[in-house]
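Colleague: Sharing a structure here in C-alpha coordinates format.
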Amino acid sequence: MRSFSEPCVPGEAPQPFPARGVGDMALHGTLLAGPSLFPAIALTSRGSNPGLDSGAAQVIRTSQPEQCATLCRPSQISGRGEEEEDDPKVHLEARELWRRFHKCGTEMVITKSGRRMFPPFKARCSGLDKKAKYILLMDIVAADDCRYKFHNSRWMVAGKADPEMPKRMYIHPDSPATGEQWMSKVVNFHKLKLTNNISDKHGFTILNSMHKYQPRFHVVKANDILKLPYSTFRTYVFSETEFIAVTAYQNDKITQLKIDNNPFAKGFRDTGNGRREKRWVYRLKGCFTFMRCPLMA
(Lines give C-alpha, C1' and ligand atoms only; values in the text may rest on other atoms or scores of the structure.)
Protein backbone atom coordinates (compact mmCIF):
# COMPACT_ATOMS: atom_id res chain seq x y z
CA MET A 1 0.00 0.00 0.00
CA ARG A 2 1.33 3.39 -0.93
CA SER A 3 2.47 5.91 1.64
CA PHE A 4 0.85 9.26 0.97
CA SER A 5 3.95 11.00 2.27
CA GLU A 6 5.56 10.59 -1.13
CA PRO A 7 5.71 13.40 -3.72
CA CYS A 8 2.60 14.01 -5.79
CA VAL A 9 1.93 15.92 -8.96
CA PRO A 10 -0.93 18.43 -9.42
CA GLY A 11 -3.39 18.12 -12.30
CA GLU A 12 -2.52 21.45 -13.88
CA ALA A 13 0.67 23.43 -13.78
CA PRO A 14 0.33 26.65 -11.75
CA GLN A 15 0.85 29.84 -13.67
CA PRO A 16 4.12 31.72 -13.11
CA PHE A 17 4.23 33.61 -9.85
CA PRO A 18 5.20 37.28 -10.24
CA ALA A 19 8.65 38.05 -8.91
CA ARG A 20 8.84 40.57 -6.08
CA GLY A 21 11.57 42.24 -4.07
CA VAL A 22 12.38 41.11 -0.54
CA GLY A 23 11.03 44.37 0.83
CA ASP A 24 7.62 43.68 -0.69
CA MET A 25 6.99 40.64 1.48
CA ALA A 26 5.36 40.68 4.88
CA LEU A 27 7.28 39.42 7.91
CA HIS A 28 5.92 35.89 7.64
CA GLY A 29 5.88 35.73 3.85
CA THR A 30 3.17 36.51 1.36
CA LEU A 31 0.10 34.37 1.96
CA LEU A 32 -2.21 33.29 -0.81
CA ALA A 33 -5.26 31.25 0.15
CA GLY A 34 -8.22 29.71 -1.62
CA PRO A 35 -10.99 27.16 -1.34
CA SER A 36 -9.09 24.60 -3.40
CA LEU A 37 -5.77 24.73 -5.20
CA PHE A 38 -6.66 21.87 -7.53
CA PRO A 39 -9.90 21.28 -9.45
CA ALA A 40 -9.15 17.55 -9.09
CA ILE A 41 -6.39 15.51 -7.55
CA ALA A 42 -5.42 11.87 -7.95
CA LEU A 43 -2.70 10.12 -5.98
CA THR A 44 -0.27 7.76 -7.64
CA SER A 45 2.42 5.45 -6.37
CA ARG A 46 6.07 6.41 -6.65
CA GLY A 47 7.58 5.28 -9.91
CA SER A 48 4.31 5.14 -11.82
CA ASN A 49 3.11 7.64 -14.37
CA PRO A 50 1.99 10.74 -12.44
CA GLY A 51 -1.74 11.26 -12.35
CA LEU A 52 -1.45 14.71 -10.80
CA ASP A 53 -0.34 17.63 -12.85
CA SER A 54 0.69 19.69 -10.17
CA GLY A 55 4.00 38.68 10.96
CA ALA A 56 0.80 39.83 8.96
CA ALA A 57 0.45 38.35 5.54
CA GLN A 58 -1.35 39.21 2.34
CA VAL A 59 -4.06 36.83 1.21
CA ILE A 60 -5.31 36.15 -2.31
CA ARG A 61 -8.44 34.06 -2.61
CA THR A 62 -8.31 31.58 -5.47
CA SER A 63 -10.48 28.76 -6.74
CA GLN A 64 -7.81 27.47 -9.15
CA PRO A 65 -4.11 28.28 -9.56
CA GLU A 66 -4.70 30.48 -12.62
CA GLN A 67 -7.51 32.48 -11.02
CA CYS A 68 -7.09 35.08 -8.30
CA ALA A 69 -9.47 37.60 -6.75
CA THR A 70 -9.21 40.50 -4.37
CA LEU A 71 -6.78 40.96 -1.51
CA CYS A 72 -8.18 40.50 1.96
CA ARG A 73 -7.20 39.73 5.54
CA PRO A 74 -6.91 36.11 6.71
CA SER A 75 -10.03 36.44 8.88
CA GLN A 76 -12.04 37.39 5.80
CA ILE A 77 -11.35 34.23 3.84
CA SER A 78 -14.53 32.49 4.95
CA GLY A 79 -17.82 34.04 5.94
CA ARG A 80 -18.77 30.80 7.69
CA GLY A 81 -16.09 31.35 10.30
CA GLU A 82 -14.53 28.00 9.46
CA GLU A 83 -11.14 29.51 8.78
CA GLU A 84 -11.24 31.78 11.84
CA GLU A 85 -10.56 28.93 14.26
CA ASP A 86 -6.85 29.25 13.57
CA ASP A 87 -4.50 31.90 12.25
CA PRO A 88 -1.50 30.10 10.74
CA LYS A 89 1.75 31.98 10.41
CA VAL A 90 4.91 30.65 8.80
CA HIS A 91 8.40 31.83 9.66
CA LEU A 92 11.27 31.06 7.28
CA GLU A 93 14.22 29.49 9.07
CA ALA A 94 17.77 30.68 8.28
CA ARG A 95 16.27 33.76 6.70
CA GLU A 96 19.48 35.78 6.91
CA LEU A 97 21.36 33.05 5.06
CA TRP A 98 18.68 32.99 2.36
CA ARG A 99 19.01 36.77 2.05
CA ARG A 100 22.77 36.53 1.59
CA PHE A 101 22.24 34.11 -1.28
CA HIS A 102 19.37 36.16 -2.69
CA LYS A 103 21.55 39.29 -2.77
CA CYS A 104 24.01 37.48 -5.07
CA GLY A 105 21.32 35.70 -7.08
CA THR A 106 20.65 32.24 -5.65
CA GLU A 107 21.49 29.28 -7.88
CA MET A 108 20.32 25.69 -7.37
CA VAL A 109 21.97 22.84 -9.22
CA ILE A 110 19.66 20.42 -11.01
CA THR A 111 20.84 16.99 -12.17
CA LYS A 112 19.34 13.98 -13.90
CA SER A 113 19.59 11.94 -10.70
CA GLY A 114 18.12 14.74 -8.55
CA ARG A 115 19.81 17.25 -6.25
CA ARG A 116 18.69 18.63 -2.90
CA MET A 117 18.36 22.36 -2.33
CA PHE A 118 20.85 24.43 -0.37
CA PRO A 119 19.95 26.36 1.60
CA PRO A 120 17.28 23.78 2.43
CA PHE A 121 13.73 25.06 2.81
CA LYS A 122 12.85 25.03 6.51
CA ALA A 123 9.99 26.80 8.24
CA ARG A 124 8.42 27.13 11.65
CA CYS A 125 4.64 27.30 11.99
CA SER A 126 2.56 29.06 14.63
CA GLY A 127 -1.10 29.88 15.14
CA LEU A 128 -2.35 26.41 14.18
CA ASP A 129 -5.24 24.68 15.92
CA LYS A 130 -3.37 22.32 18.26
CA LYS A 131 -5.85 19.46 17.94
CA ALA A 132 -6.74 19.80 14.24
CA LYS A 133 -4.73 17.95 11.60
CA TYR A 134 -2.83 19.63 8.81
CA ILE A 135 -1.09 18.61 5.61
CA LEU A 136 2.01 20.60 4.68
CA LEU A 137 3.21 20.73 1.08
CA MET A 138 5.70 22.46 -1.18
CA ASP A 139 5.88 23.17 -4.87
CA ILE A 140 8.21 25.23 -7.04
CA VAL A 141 6.78 27.38 -9.83
CA ALA A 142 8.23 29.60 -12.55
CA ALA A 143 8.86 33.11 -11.26
CA ASP A 144 8.47 34.66 -14.70
CA ASP A 145 8.37 33.78 -18.41
CA CYS A 146 12.05 34.43 -19.16
CA ARG A 147 15.17 32.41 -19.81
CA TYR A 148 18.42 33.76 -18.33
CA LYS A 149 22.14 33.75 -18.96
CA PHE A 150 25.05 34.73 -16.71
CA HIS A 151 27.03 37.41 -18.52
CA ASN A 152 29.54 39.98 -17.25
CA SER A 153 29.13 38.69 -13.69
CA ARG A 154 25.37 39.14 -13.61
CA TRP A 155 22.18 37.42 -14.67
CA MET A 156 20.48 38.78 -17.77
CA VAL A 157 17.32 37.90 -19.65
CA ALA A 158 18.23 35.78 -22.66
CA GLY A 159 14.84 35.17 -24.22
CA LYS A 160 11.47 33.58 -23.66
CA ALA A 161 11.14 30.73 -21.20
CA ASP A 162 11.03 27.12 -22.34
CA PRO A 163 7.76 25.22 -21.80
CA GLU A 164 7.40 24.02 -18.22
CA MET A 165 6.68 20.47 -17.21
CA PRO A 166 3.52 19.92 -15.10
CA LYS A 167 4.37 20.97 -11.57
CA ARG A 168 4.58 18.45 -8.77
CA MET A 169 3.49 18.93 -5.18
CA TYR A 170 5.81 17.50 -2.53
CA ILE A 171 3.85 16.39 0.53
CA HIS A 172 5.81 16.51 3.77
CA PRO A 173 6.36 12.90 4.95
CA ASP A 174 4.83 13.61 8.39
CA SER A 175 1.48 14.69 6.89
CA PRO A 176 -1.15 14.68 8.19
CA ALA A 177 -0.20 15.69 11.74
CA THR A 178 -1.78 17.81 14.46
CA GLY A 179 -1.12 21.51 14.73
CA GLU A 180 0.60 20.85 18.05
CA GLN A 181 3.02 18.44 16.37
CA TRP A 182 3.81 20.81 13.52
CA MET A 183 4.40 23.75 15.88
CA SER A 184 6.73 21.74 18.13
CA LYS A 185 9.46 21.44 15.50
CA VAL A 186 11.03 23.01 12.45
CA VAL A 187 9.34 21.78 9.29
CA ASN A 188 12.13 20.60 7.02
CA PHE A 189 11.78 19.92 3.29
CA HIS A 190 15.39 18.82 2.85
CA LYS A 191 14.38 15.61 1.04
CA LEU A 192 12.83 17.49 -1.87
CA LYS A 193 15.02 17.03 -4.95
CA LEU A 194 15.39 19.02 -8.15
CA THR A 195 15.97 17.42 -11.54
CA ASN A 196 16.16 18.27 -15.24
CA ASN A 197 15.08 14.77 -16.24
CA ILE A 198 11.74 15.19 -18.02
CA SER A 199 11.19 11.43 -17.75
CA ASP A 200 11.71 11.36 -13.98
CA LYS A 201 9.67 8.68 -12.23
CA HIS A 202 10.84 9.35 -8.68
CA GLY A 203 8.55 12.25 -7.89
CA PHE A 204 11.35 14.85 -8.08
CA THR A 205 10.61 18.45 -9.04
CA ILE A 206 11.37 18.91 -12.76
CA LEU A 207 12.89 22.29 -13.67
CA ASN A 208 14.47 23.96 -16.70
CA SER A 209 18.06 25.08 -16.46
CA MET A 210 18.67 28.84 -16.66
CA HIS A 211 15.11 29.63 -15.54
CA LYS A 212 14.00 31.45 -12.39
CA TYR A 213 11.78 29.72 -9.84
CA GLN A 214 9.86 30.48 -6.67
CA PRO A 215 9.30 27.86 -3.94
CA ARG A 216 5.84 27.93 -2.31
CA PHE A 217 4.81 26.52 1.06
CA HIS A 218 1.23 25.29 1.53
CA VAL A 219 -0.72 24.69 4.74
CA VAL A 220 -3.90 22.64 4.39
CA LYS A 221 -6.27 21.91 7.26
CA ALA A 222 -7.24 18.31 6.50
CA ASN A 223 -6.92 14.94 8.22
CA ASP A 224 -6.64 12.86 5.05
CA ILE A 225 -4.63 13.22 1.83
CA LEU A 226 -7.74 12.34 -0.16
CA LYS A 227 -9.43 15.52 1.10
CA LEU A 228 -6.84 17.79 -0.54
CA PRO A 229 -9.01 18.56 -3.62
CA TYR A 230 -11.78 19.90 -1.41
CA SER A 231 -9.67 21.77 1.13
CA THR A 232 -8.52 25.36 1.50
CA PHE A 233 -4.88 25.94 0.66
CA ARG A 234 -2.96 28.68 2.44
CA THR A 235 0.14 29.38 0.36
CA TYR A 236 3.16 31.22 1.78
CA VAL A 237 5.81 32.74 -0.46
CA PHE A 238 9.16 34.11 0.69
CA SER A 239 10.81 36.15 -2.05
CA GLU A 240 14.31 35.52 -0.72
CA THR A 241 13.96 31.81 -1.58
CA GLU A 242 13.70 32.59 -5.30
CA PHE A 243 16.48 30.97 -7.34
CA ILE A 244 17.76 30.21 -10.83
CA ALA A 245 18.16 26.55 -11.77
CA VAL A 246 21.57 25.66 -13.24
CA THR A 247 23.46 22.52 -14.18
CA ALA A 248 26.70 24.06 -12.88
CA TYR A 249 27.22 27.11 -10.71
CA GLN A 250 27.77 30.30 -12.69
CA ASN A 251 28.49 32.91 -10.02
CA ASP A 252 31.67 32.41 -8.00
CA LYS A 253 30.08 34.26 -5.08
CA ILE A 254 27.31 31.68 -4.91
CA THR A 255 29.88 28.88 -5.13
CA GLN A 256 31.76 30.35 -2.19
CA LEU A 257 28.60 30.80 -0.13
CA LYS A 258 27.71 27.16 -0.71
CA ILE A 259 31.20 26.04 0.29
CA ASP A 260 31.22 28.20 3.41
CA ASN A 261 27.76 27.22 4.65
CA ASN A 262 26.97 23.74 3.34
CA PRO A 263 28.25 21.06 5.77
CA PHE A 264 28.32 18.54 2.90
CA ALA A 265 30.83 20.70 1.03
CA LYS A 266 33.56 20.29 3.65
CA GLY A 267 35.95 18.64 1.18
CA PHE A 268 35.67 21.62 -1.14
CA ARG A 269 36.72 24.11 1.56
CA ASP A 270 40.27 22.80 1.63
CA THR A 271 40.74 22.40 -2.12
CA GLY A 272 38.57 25.24 -3.36
CA ASN A 273 37.22 23.01 -6.12
CA GLY A 274 33.68 24.26 -6.02
CA ARG A 275 32.96 25.88 -9.35
CA ARG A 276 32.33 22.71 -11.31
CA GLU A 277 31.80 19.08 -10.45
CA LYS A 278 35.21 17.40 -10.28
CA ARG A 279 36.20 13.99 -11.47
CA TRP A 280 38.43 11.87 -9.28
CA VAL A 281 40.29 8.82 -10.53
CA TYR A 282 40.29 5.63 -8.45
CA ARG A 283 42.42 2.62 -9.28
CA LEU A 284 40.35 -0.51 -8.78
CA LYS A 285 41.59 -4.02 -9.69
CA GLY A 286 44.07 -2.64 -12.17
CA CYS A 287 41.50 -0.46 -13.94
CA PHE A 288 40.89 3.25 -13.72
CA THR A 289 37.36 4.22 -12.75
CA PHE A 290 36.09 7.75 -13.15
CA MET A 291 33.68 8.87 -10.44
CA ARG A 292 32.00 12.19 -9.94
CA CYS A 293 32.51 13.93 -6.63
CA PRO A 294 29.81 16.63 -6.77
CA LEU A 295 29.18 19.54 -4.47
CA MET A 296 26.16 18.28 -2.57
CA ALA A 297 23.96 21.31 -3.19
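We name chains A, B, ... following the order of the C-alpha coordinates; residues begin at 1 in each chain, and ligands are numbered from 1 as shown.
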List as a list in words the protein and nucleic acid residues near region 104-107 of chain A, meaning an atom at most 7 Å away when only C-alpha atoms are counted, but skip any in the same chain fewer than 6 places from it.

Modeller: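 Skipping anything fewer than 6 positions along the chain leaves Glu242, Phe243, Ile244, Ala245, Val246, Tyr249, Lys253 and Ile254 of chain A.
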
Colleague: Considering only C-alpha atoms, can you say which of A:Lys167, A:His172, A:Arg147, A:Lys112 comes closest to Ile225 (chain A)?

Modeller: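 Smallest separation from Ile225 (chain A) among the options: A:His172.
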
Colleague: So which residues touch Leu128 (chain A) within 12 Å, counting only C-alpha atoms, skipping near sequence neighbours fewer than 2 positions away, as a VMD selection string?

Modeller: chain A and resid 83 to 90 124 to 126 130 to 136 177 to 184 219 to 221 234

Colleague: Using only C-alpha atoms for the distances, tell me which of A:Ala248, A:Ser175, A:Met108, A:Asn261 is nearest to Ala222 (chain A).

Modeller: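 Closest to Ala222 (chain A), using only C-alpha atoms: A:Ser175.
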
Colleague: Calculated over only C-alpha atoms, which of the candidates A:Ser239, A:Ser113, A:Thr195, A:Gln250 has the smallest distance to His151 (chain A)?

Modeller: A:Gln250
